[in-house]
$ cat final.txt   # compact mmCIF, C-alpha atoms
# COMPACT_ATOMS: atom_id res chain seq x y z
CA MET A 173 0.00 0.00 0.00
CA ALA A 174 1.30 3.40 -0.90
CA LYS A 175 1.53 5.52 2.18
CA SER A 176 1.24 9.27 1.98
CA ALA A 177 4.39 11.31 1.57
CA PHE A 178 3.91 12.78 5.02
CA GLN A 179 3.93 9.36 6.60
CA GLU A 180 7.17 8.51 4.79
CA PHE A 181 8.64 11.74 6.09
CA LYS A 182 7.45 11.18 9.64
CA LYS A 183 8.85 7.69 10.06
CA GLY A 184 12.40 9.01 9.70
CA LEU A 185 11.88 11.20 12.73
CA TRP A 186 10.95 8.54 15.23
CA ALA A 187 10.05 5.03 14.09
CA GLU A 188 13.15 4.55 11.94
CA ILE A 189 15.36 7.35 13.21
CA PRO A 190 18.98 6.70 12.32
CA PRO A 191 21.37 5.85 13.86
CA PHE A 192 19.32 4.73 16.85
CA ARG A 193 16.62 2.61 15.29
CA LEU A 194 18.44 1.79 12.09
CA VAL A 195 21.91 1.10 13.42
CA LEU A 196 23.65 2.37 10.31
CA GLY A 197 26.10 5.13 9.58
CA LEU A 198 27.85 4.92 12.90
CA CYS A 199 31.25 6.16 11.81
CA PRO A 200 30.33 9.82 11.23
CA THR A 201 28.05 9.66 14.26
CA LEU A 202 30.93 8.76 16.51
CA ALA A 203 33.55 10.89 14.86
CA VAL A 204 31.98 14.30 14.32
CA THR A 205 29.86 14.69 17.45
CA LYS A 206 32.67 16.26 19.48
CA SER A 207 31.09 19.67 19.09
CA VAL A 208 27.64 20.90 18.17
CA ASP A 209 28.55 22.80 14.99
CA ASN A 210 30.31 19.74 13.55
CA GLY A 211 27.35 17.53 14.34
CA VAL A 212 24.85 19.88 12.71
CA GLY A 213 27.11 20.48 9.69
CA MET A 214 27.52 16.77 9.08
CA GLY A 215 23.78 16.24 9.44
CA ILE A 216 22.97 18.92 6.87
CA ALA A 217 25.57 17.59 4.42
CA LEU A 218 24.18 14.10 4.73
CA THR A 219 20.58 15.27 4.36
CA PHE A 220 21.44 17.08 1.13
CA VAL A 221 23.18 14.02 -0.32
CA LEU A 222 20.38 11.73 0.79
CA VAL A 223 17.58 13.85 -0.67
CA CYS A 224 19.33 14.44 -3.99
CA SER A 225 20.46 10.86 -4.47
CA ASN A 226 17.02 9.54 -3.51
CA ILE A 227 15.38 11.79 -6.11
CA VAL A 228 17.80 10.88 -8.90
CA ILE A 229 17.78 7.17 -8.16
CA SER A 230 14.02 7.10 -7.98
CA LEU A 231 13.84 8.88 -11.36
CA LEU A 232 16.29 6.40 -12.87
CA ARG A 233 14.92 3.30 -11.21
CA LYS A 234 13.36 1.96 -14.42
CA VAL A 235 16.48 2.63 -16.49
CA ILE A 236 19.13 1.07 -14.24
CA PRO A 237 19.66 -2.63 -14.94
CA LYS A 238 19.27 -4.79 -11.88
CA GLU A 239 22.67 -6.47 -12.07
CA VAL A 240 24.73 -3.28 -11.85
CA ARG A 241 22.41 -1.23 -9.67
CA ILE A 242 24.77 -0.94 -6.70
CA ALA A 243 27.53 0.49 -8.88
CA CYS A 244 25.07 2.97 -10.43
CA PHE A 245 23.80 4.06 -7.01
CA ILE A 246 27.35 4.61 -5.84
CA VAL A 247 28.19 6.79 -8.83
CA VAL A 248 25.10 8.93 -8.24
CA ILE A 249 25.88 9.28 -4.54
CA ALA A 250 29.55 10.01 -5.17
CA SER A 251 28.67 12.84 -7.55
CA PHE A 252 26.49 14.55 -4.95
CA VAL A 253 29.14 14.05 -2.30
CA THR A 254 31.61 15.80 -4.57
CA VAL A 255 29.15 18.67 -4.91
CA VAL A 256 28.89 18.95 -1.13
CA GLU A 257 32.65 18.77 -0.78
CA LEU A 258 33.24 21.60 -3.23
CA VAL A 259 30.48 23.79 -1.81
CA MET A 260 31.77 23.33 1.73
CA GLN A 261 35.31 24.08 0.65
CA ALA A 262 34.10 27.33 -0.84
CA TYR A 263 31.64 28.58 1.79
CA ALA A 264 32.40 26.79 5.06
CA TYR A 265 36.12 26.19 4.96
CA SER A 266 36.68 25.81 8.72
CA LEU A 267 33.91 23.22 8.93
CA PHE A 268 35.42 21.48 5.91
CA LEU A 269 38.76 21.21 7.70
CA GLN A 270 37.16 19.98 10.91
CA LEU A 271 35.12 17.26 9.26
CA GLY A 272 38.11 16.22 7.16
CA ILE A 273 37.87 12.83 5.55
CA PHE A 274 34.36 12.29 6.85
CA ILE A 275 32.86 14.36 4.05
CA PRO A 276 34.15 12.11 1.23
CA LEU A 277 33.21 9.19 3.43
CA ILE A 278 29.52 10.06 3.11
CA VAL A 279 29.82 7.99 -0.09
CA VAL A 280 30.23 4.82 1.89
CA ASN A 281 27.75 5.79 4.58
CA CYS A 282 25.43 2.84 4.88
CA ILE A 283 22.39 5.07 5.43
CA VAL A 284 22.57 6.66 1.99
CA LEU A 285 23.15 3.43 0.09
CA GLY A 286 20.68 1.62 2.31
CA ARG A 287 17.87 4.09 1.52
CA ALA A 288 18.73 3.99 -2.18
CA GLU A 289 18.54 0.22 -2.23
CA ALA A 290 15.64 -0.28 0.14
CA PHE A 291 13.44 2.67 -0.75
CA ALA A 292 14.29 4.91 -3.68
CA SER A 293 14.81 2.05 -6.13
CA LYS A 294 11.25 0.86 -5.50
CA ASN A 295 9.20 4.01 -4.94
CA GLY A 296 8.16 7.16 -6.77
CA VAL A 297 9.87 10.53 -6.71
CA ILE A 298 7.67 12.27 -4.14
CA ALA A 299 7.79 9.38 -1.69
CA SER A 300 11.55 9.08 -2.10
CA LEU A 301 11.99 12.80 -1.54
CA ALA A 302 9.92 12.61 1.64
CA ASP A 303 11.80 9.54 2.80
CA GLY A 304 15.21 11.13 2.20
CA LEU A 305 14.18 14.33 3.93
CA GLY A 306 12.74 12.48 6.92
CA ILE A 307 15.72 10.19 7.42
CA GLY A 308 18.13 13.06 6.86
CA ILE A 309 16.44 15.32 9.41
CA GLY A 310 16.20 12.41 11.83
CA PHE A 311 19.92 11.84 11.44
CA THR A 312 20.65 15.53 11.97
CA LEU A 313 18.54 15.54 15.15
CA SER A 314 20.33 12.48 16.52
CA LEU A 315 23.73 13.95 15.77
CA THR A 316 22.72 17.22 17.39
CA ALA A 317 21.45 15.48 20.51
CA LEU A 318 24.57 13.37 20.84
CA SER A 319 26.91 16.30 20.21
CA ILE A 320 25.09 18.51 22.74
CA PHE A 321 25.49 15.74 25.32
CA ARG A 322 29.18 15.26 24.54
CA GLU A 323 30.16 18.89 24.16
CA VAL A 324 28.29 20.27 27.17
CA LEU A 325 29.58 17.64 29.56
CA GLY A 326 32.92 16.94 27.89
CA GLU A 327 34.08 20.50 27.25
CA GLY A 328 31.70 22.54 29.36
CA THR A 329 30.74 24.58 26.31
CA PHE A 330 27.80 24.83 23.96
CA ASN A 331 28.79 25.70 20.40
CA HIS A 332 32.15 26.91 21.83
CA VAL A 333 30.43 29.24 24.35
CA SER A 334 31.05 28.40 27.99
CA VAL A 335 27.98 27.11 29.83
CA PHE A 336 29.01 26.38 33.38
CA GLY A 337 31.56 29.13 33.99
CA PRO A 338 35.28 28.78 34.68
CA SER A 339 35.00 26.64 37.82
CA PHE A 340 33.53 23.70 35.87
CA GLN A 341 35.86 20.74 35.56
CA PRO A 342 35.10 19.22 32.11
CA PHE A 343 34.46 15.50 31.91
CA SER A 344 36.93 15.14 29.07
CA PHE A 345 36.47 11.38 28.74
CA LEU A 346 33.38 12.14 26.66
CA VAL A 347 35.18 14.02 23.88
CA GLU A 348 37.81 11.29 23.51
CA ALA A 349 37.28 8.19 21.35
CA PRO A 350 36.14 5.86 24.17
CA GLY A 351 33.57 8.39 25.34
CA ALA A 352 32.02 8.42 21.87
CA PHE A 353 31.27 4.72 22.00
CA VAL A 354 29.97 4.82 25.55
CA ALA A 355 27.80 7.89 24.92
CA LEU A 356 26.22 6.34 21.83
CA GLY A 357 25.66 3.07 23.69
CA LEU A 358 23.87 4.89 26.49
CA MET A 359 21.79 6.91 24.00
CA LEU A 360 20.67 3.65 22.39
CA CYS A 361 19.76 2.37 25.84
CA ILE A 362 17.66 5.47 26.54
CA MET A 363 15.93 5.14 23.17
CA ASN A 364 15.12 1.51 23.97
CA MET A 365 13.64 2.51 27.29
CA LEU A 366 11.51 5.25 25.73
CA GLY A 367 10.41 2.88 22.99
CA LYS A 368 9.13 0.40 25.58
CA LYS A 369 6.78 2.91 27.19
CA LYS A 370 4.96 3.78 24.01
CA MET B 247 63.56 0.32 8.07
CA GLY B 248 63.01 1.65 11.58
CA ASP B 249 60.51 4.15 10.19
CA TYR B 250 58.45 1.40 8.66
CA ILE B 251 58.35 -0.57 11.90
CA LEU B 252 57.24 2.58 13.72
CA LEU B 253 54.55 3.18 11.10
CA PHE B 254 53.44 -0.45 11.38
CA ILE B 255 53.09 -0.29 15.17
CA SER B 256 51.43 3.11 15.22
CA CYS B 257 48.87 2.14 12.58
CA ILE B 258 47.92 -1.03 14.42
CA PHE B 259 47.81 0.25 17.98
CA VAL B 260 48.14 4.00 18.41
CA ASN B 261 45.87 5.01 15.53
CA ASN B 262 43.76 1.88 15.50
CA ILE B 263 41.32 2.38 12.67
CA LEU B 264 38.27 1.11 14.53
CA LEU B 265 38.74 2.27 18.06
CA MET B 266 40.71 5.49 17.63
CA GLN B 267 39.69 6.78 14.19
CA TYR B 268 36.07 5.61 14.25
CA LEU B 269 36.12 4.05 10.81
CA GLY B 270 34.46 0.80 9.78
CA ASN B 271 32.07 0.61 12.69
CA CYS B 272 29.13 -0.90 10.82
CA PRO B 273 30.88 -4.19 10.01
CA PHE B 274 32.51 -3.97 13.43
CA LEU B 275 29.14 -4.23 15.14
CA GLY B 276 27.53 -6.31 12.41
CA THR B 277 29.98 -9.18 12.12
CA SER B 278 31.28 -9.41 15.66
CA LYS B 279 28.51 -11.56 17.10
CA LYS B 280 30.29 -14.78 16.21
CA MET B 281 34.00 -15.51 16.16
CA GLU B 282 33.84 -17.23 12.76
CA THR B 283 32.29 -14.30 10.94
CA ALA B 284 34.67 -11.90 12.67
CA VAL B 285 37.71 -13.85 11.50
CA GLY B 286 36.30 -14.08 7.95
CA MET B 287 35.66 -10.35 7.79
CA ALA B 288 39.07 -9.55 9.24
CA MET B 289 40.86 -11.66 6.62
CA ALA B 290 38.81 -10.20 3.79
CA VAL B 291 39.61 -6.66 4.93
CA VAL B 292 43.36 -7.33 5.19
CA PHE B 293 43.33 -8.72 1.67
CA VAL B 294 41.26 -6.02 0.00
CA LEU B 295 42.56 -3.03 1.94
CA THR B 296 46.19 -3.70 1.07
CA LEU B 297 45.32 -3.99 -2.62
CA ALA B 298 43.01 -0.98 -2.54
CA GLY B 299 45.62 1.18 -0.81
CA ALA B 300 48.19 0.38 -3.47
CA ILE B 301 45.85 0.88 -6.42
CA THR B 302 44.31 4.12 -5.22
CA TRP B 303 47.81 5.51 -4.61
CA ILE B 304 48.71 4.71 -8.22
CA VAL B 305 45.46 6.25 -9.47
CA GLU B 306 46.18 9.42 -7.51
CA ALA B 307 49.81 9.65 -8.65
CA VAL B 308 49.30 8.71 -12.31
CA LEU B 309 45.85 9.99 -13.21
CA LEU B 310 44.52 12.57 -10.77
CA LYS B 311 47.51 14.63 -9.75
CA PRO B 312 49.26 15.24 -13.09
CA PHE B 313 46.02 16.43 -14.70
CA GLY B 314 44.72 18.41 -11.72
CA PHE B 315 41.66 16.20 -11.27
CA GLU B 316 41.86 16.05 -7.47
CA PHE B 317 38.21 16.98 -7.14
CA LEU B 318 37.31 13.66 -8.75
CA ARG B 319 39.07 11.75 -5.99
CA THR B 320 35.94 10.64 -4.18
CA VAL B 321 34.24 9.32 -7.30
CA SER B 322 37.30 7.59 -8.70
CA PHE B 323 38.35 5.97 -5.42
CA ILE B 324 34.95 4.51 -4.74
CA LEU B 325 34.79 3.15 -8.28
CA VAL B 326 38.25 1.63 -7.93
CA ILE B 327 37.28 0.00 -4.64
CA ALA B 328 33.94 -1.28 -5.92
CA SER B 329 35.44 -2.79 -9.05
CA LEU B 330 38.40 -4.17 -7.13
CA VAL B 331 36.04 -5.98 -4.79
CA GLN B 332 34.10 -7.42 -7.74
CA PHE B 333 37.31 -8.47 -9.44
CA VAL B 334 38.73 -10.10 -6.31
CA GLU B 335 35.47 -11.95 -5.84
CA LEU B 336 35.50 -13.37 -9.38
CA PHE B 337 39.21 -14.16 -9.22
CA LEU B 338 38.95 -16.05 -5.95
CA LYS B 339 35.88 -17.94 -7.12
CA LYS B 340 37.76 -19.27 -10.15
CA SER B 341 41.24 -19.87 -8.81
CA VAL B 342 41.14 -20.26 -5.03
CA PRO B 343 37.72 -21.76 -4.24
CA ALA B 344 38.75 -22.68 -0.70
CA LEU B 345 39.56 -19.09 0.17
CA TYR B 346 36.42 -17.91 -1.62
CA ALA B 347 34.30 -20.22 0.50
CA GLY B 348 35.79 -18.62 3.58
CA LEU B 349 35.62 -14.98 2.53
CA GLY B 350 32.76 -15.18 0.01
CA ILE B 351 29.88 -13.44 1.72
CA PHE B 352 32.07 -10.78 3.31
CA LEU B 353 33.57 -9.48 0.10
CA PRO B 354 30.55 -7.54 -1.22
CA LEU B 355 30.16 -5.91 2.20
CA ILE B 356 33.62 -4.43 1.95
CA THR B 357 32.62 -1.94 -0.73
CA THR B 358 30.66 0.00 1.84
CA ASN B 359 33.18 -0.49 4.62
CA CYS B 360 34.32 3.01 5.34
CA ALA B 361 37.62 1.72 6.74
CA VAL B 362 38.77 0.85 3.21
CA MET B 363 37.90 4.19 1.67
CA GLY B 364 39.07 5.98 4.81
CA VAL B 365 42.53 4.46 4.78
CA CYS B 366 42.95 5.22 1.08
CA LEU B 367 42.10 8.87 1.79
CA ILE B 368 44.38 9.01 4.84
CA ASN B 369 47.28 7.68 2.74
CA ILE B 370 46.82 10.52 0.27
CA LYS B 371 46.32 13.11 2.98
CA GLU B 372 49.51 12.13 4.78
CA ASP B 373 51.51 12.25 1.53
CA TYR B 374 52.89 8.75 1.96
CA THR B 375 55.31 7.26 -0.55
CA PHE B 376 54.31 4.04 -2.28
CA THR B 377 56.11 1.79 0.23
CA GLN B 378 54.69 3.72 3.16
CA THR B 379 51.23 3.34 1.63
CA LEU B 380 51.68 -0.41 1.40
CA VAL B 381 52.86 -0.64 5.00
CA SER B 382 50.18 1.63 6.39
CA SER B 383 47.30 -0.02 4.46
CA PHE B 384 48.40 -3.44 5.58
CA SER B 385 48.88 -2.45 9.18
CA TYR B 386 45.65 -0.48 9.42
CA ALA B 387 43.91 -3.59 8.13
CA VAL B 388 45.69 -5.75 10.68
CA GLY B 389 44.62 -3.31 13.39
CA PHE B 390 41.03 -3.59 12.14
CA GLY B 391 41.24 -7.38 12.23
CA LEU B 392 42.81 -7.40 15.68
CA ALA B 393 40.15 -5.16 17.19
CA LEU B 394 37.35 -7.07 15.46
CA VAL B 395 38.53 -10.48 16.63
CA LEU B 396 39.17 -9.30 20.20
CA PHE B 397 35.75 -7.67 20.29
CA ALA B 398 34.07 -10.83 18.98
CA GLY B 399 35.70 -12.75 21.82
CA VAL B 400 34.32 -10.30 24.38
CA ARG B 401 30.90 -10.31 22.75
CA GLU B 402 30.62 -14.08 22.88
CA ARG B 403 31.13 -13.83 26.62
CA ILE B 404 28.51 -11.10 26.97
CA LEU B 405 25.92 -13.53 25.62
CA LEU B 406 26.35 -15.51 28.82
CA ALA B 407 26.01 -12.50 31.08
CA ARG B 408 22.74 -11.02 32.31
CA VAL B 409 22.38 -7.64 30.71
CA PRO B 410 19.55 -5.21 31.62
CA LYS B 411 16.91 -5.27 28.94
CA PRO B 412 17.26 -1.78 27.42
CA LEU B 413 21.01 -2.21 27.20
CA GLN B 414 20.91 -5.46 25.28
CA ASP B 415 22.57 -6.18 21.94
CA THR B 416 24.02 -3.16 20.13
CA SER B 417 23.82 -0.89 23.13
CA ILE B 418 26.00 -3.01 25.41
CA GLY B 419 28.19 -3.73 22.39
CA LEU B 420 28.94 -0.03 22.01
CA VAL B 421 29.69 0.42 25.70
CA THR B 422 32.06 -2.56 25.53
CA ALA B 423 33.72 -1.07 22.47
CA GLY B 424 34.20 2.09 24.53
CA MET B 425 36.01 0.11 27.21
CA MET B 426 38.23 -1.53 24.59
CA SER B 427 38.93 1.84 23.07
CA LEU B 428 40.00 3.03 26.52
CA ALA B 429 42.60 0.26 26.55
CA PHE B 430 43.88 1.40 23.16
CA VAL B 431 44.20 4.99 24.40
CA ALA B 432 46.96 3.67 26.63
CA PHE B 433 49.10 2.95 23.56
CA ARG B 434 49.23 6.64 22.79
CA GLY B 435 52.32 7.15 24.93
CA MET B 436 54.27 4.94 22.53
CA ALA B 437 54.14 7.27 19.56
$ encode --input "final.txt" --output "structure tokens"
Amino acid sequence: MAKSAFQEFKKGLWAEIPPFRLVLGLCPTLAVTKSVDNGVGMGIALTFVLVCSNIVISLLRKVIPKEVRIACFIVVIASFVTVVELVMQAYAYSLFLQLGIFIPLIVVNCIVLGRAEAFASKNGVIASLADGLGIGIGFTLSLTALSIFREVLGEGTFNHVSVFGPSFQPFSFLVEAPGAFVALGLMLCIMNMLGKKK
Amino acid sequence: MGDYILLFISCIFVNNILLMQYLGNCPFLGTSKKMETAVGMAMAVVFVLTLAGAITWIVEAVLLKPFGFEFLRTVSFILVIASLVQFVELFLKKSVPALYAGLGIFLPLITTNCAVMGVCLINIKEDYTFTQTLVSSFSYAVGFGLALVLFAGVRERILLARVPKPLQDTSIGLVTAGMMSLAFVAFRGMA
């Protein structure tokens, strides 16, 4: 049954919110959530790629032969990632430097390829657009939540502005690599608990 | 020679690709539930990553750099990796069926393993020479395999433990990975 575009959009925000419900695309989630601006920047970049690639793949879904579809999807995704890379280099250079190799790595982000394979290659343009937008915004929200948690407690700042004043001793474990894993694990736990109540 | 040994050690332990650089986490959590699958994935990654590192270095040096096509790096690297994986799969199927039976199902997954693409990009970013690229790709892959196999061992034990319900499965897996990563932080003093 074809669901309405709004329903497709909505499911990305809660029922299938990545990376908590769909445990995909963990690498950027762990790596860029050290500070809020990085988290939001990554989320927006991924949303753009996801929406554009979903639209193009859904338009081409009848043309692409089944046997080579993965390769075709990857080429489409890689082109949009290149667009994002160049735009960021031009207009948000400091963010570009901070995110480093994680921008080209959007190509191999399982979320993008996963949505292309599971959704856009089977559904129409409007539904795919809604799906990409929903999942992308869901991902941005998750990254923002995780990066707020890590930056506020780990550095004592919010978007590089001090929150607790100079006497605060930052819990710097959270901004290091081990803290990333533990924080995400605990977030998943919280999501599971909330999911139970509903 | 000493430099290469230092590079080898630092890529395996100090800059461990999984636990310190956060790359390749999807297969890390996906294939670590059983020891067998973890070993298979680890071997496949060592094999493909070393080849991919070498080939992407050549592509960068011969095709992209001389003609100023650096902006095409993302597209060309992913194509090289995807076709390399396909090629390796076909080659192994024909000539080394025993190895193919072992690695078979893990090979297609490697295309979307960000560790492979990530290491290729790191090699270019660090301006490594060809030999350094070979050493670093191989040792990053060994580091990946090491962490994956160790983690699979821990995870098999967790199955026997009583874990609170909301924490089960991936959640406790991530917390455990955090603890392992803490152990790898200790190697930092070596560099």
$ interface_residues --input "final.txt" --of "chain B" --to "chain A" --cutoff "8 Å" --atoms "only C-alpha atoms" --output "MDAnalysis selection string"
chainID B and resid 265:272 317:318 320:321 324:325 328 357:360 363:364 367:368 412:414 416:428
$ atom_distance --input "final.txt" --atom1 "CA of Lys340 (chain B)" --atom2 "CA of Gly299 (chain B)"
23.8 Å
$ atom_distance --input "final.txt" --atom1 "CA of Ala317 (chain A)" --atom2 "CA of Gly304 (chain A)"
19.8 Å
$ closest_residue --input "final.txt" --among "B:Phe333, B:Ile263, B:Trp303, B:Glu402" --to "Glu372 (chain B)" --atoms "all atoms listed in the file"
B:Trp303
$ residues_near_point --input "final.txt" --point "(21.6, 16.5, 1.1)" --cutoff "9 Å" --atoms "only C-alpha atoms" --output "number ranges by chain"
A: 215-225, 252-253, 256, 304-305, 308
$ residues_around --input "final.txt" --residues "Lys294 (chain A)" --least-positions-apart "5" --cutoff "9 Å" --atoms "all atoms listed in the file" --output "list in words"
Ser230, Arg233, Ala288, Glu289 and Ser300 of chain A
$ closest_residue --input "final.txt" --among "A:Gln270, A:Ser293, A:Ser176, A:Ser207" --to "Val235 (chain A)" --atoms "only C-alpha atoms"
A:Ser293
$ residues_around --input "final.txt" --residues "Ile258 (chain B)" --least-positions-apart "4" --cutoff "7 Å" --atoms "all atoms listed in the file" --output "ChimeraX atom specification"
/B:254,262,385-386,388-389
$ closest_residue --input "final.txt" --among "A:Val240, A:Pro342, A:Asp209, A:Ala177" --to "Leu318 (chain A)" --atoms "all atoms listed in the file"
A:Asp209
$ build_atoms --input "final.txt" --residues "region 347-358 of chain B" --atoms "N, CA and C atoms" --output "CSV table (one decimal), in the coordinates of the input"
chain,number,residue,atom,x,y,z
B,347,ALA,N,35.3,-19.7,-0.4
B,347,ALA,CA,34.3,-20.2,0.5
B,347,ALA,C,34.4,-19.6,1.9
B,348,GLY,N,35.6,-19.3,2.3
B,348,GLY,CA,35.8,-18.6,3.6
B,348,GLY,C,35.4,-17.2,3.6
B,349,LEU,N,35.8,-16.4,2.5
B,349,LEU,CA,35.6,-15.0,2.5
B,349,LEU,C,34.3,-14.6,1.8
B,350,GLY,N,33.9,-15.5,0.9
B,350,GLY,CA,32.8,-15.2,0.0
B,350,GLY,C,31.8,-14.1,0.4
B,351,ILE,N,31.0,-14.4,1.4
B,351,ILE,CA,29.9,-13.4,1.7
B,351,ILE,C,30.4,-12.1,2.3
B,352,PHE,N,31.6,-12.0,2.7
B,352,PHE,CA,32.1,-10.8,3.3
B,352,PHE,C,32.6,-9.8,2.3
B,353,LEU,N,33.0,-10.4,1.1
B,353,LEU,CA,33.6,-9.5,0.1
B,353,LEU,C,32.7,-8.4,-0.4
B,354,PRO,N,31.4,-8.6,-0.8
B,354,PRO,CA,30.6,-7.5,-1.2
B,354,PRO,C,30.4,-6.5,-0.1
B,355,LEU,N,30.4,-6.9,1.1
B,355,LEU,CA,30.2,-5.9,2.2
B,355,LEU,C,31.3,-4.9,2.3
B,356,ILE,N,32.5,-5.3,1.8
B,356,ILE,CA,33.6,-4.4,2.0
B,356,ILE,C,33.5,-3.1,1.2
B,357,THR,N,32.8,-3.2,0.1
B,357,THR,CA,32.6,-1.9,-0.7
B,357,THR,C,32.1,-0.8,0.1
B,358,THR,N,31.2,-1.1,1.0
B,358,THR,CA,30.7,0.0,1.8
B,358,THR,C,31.3,0.0,3.2
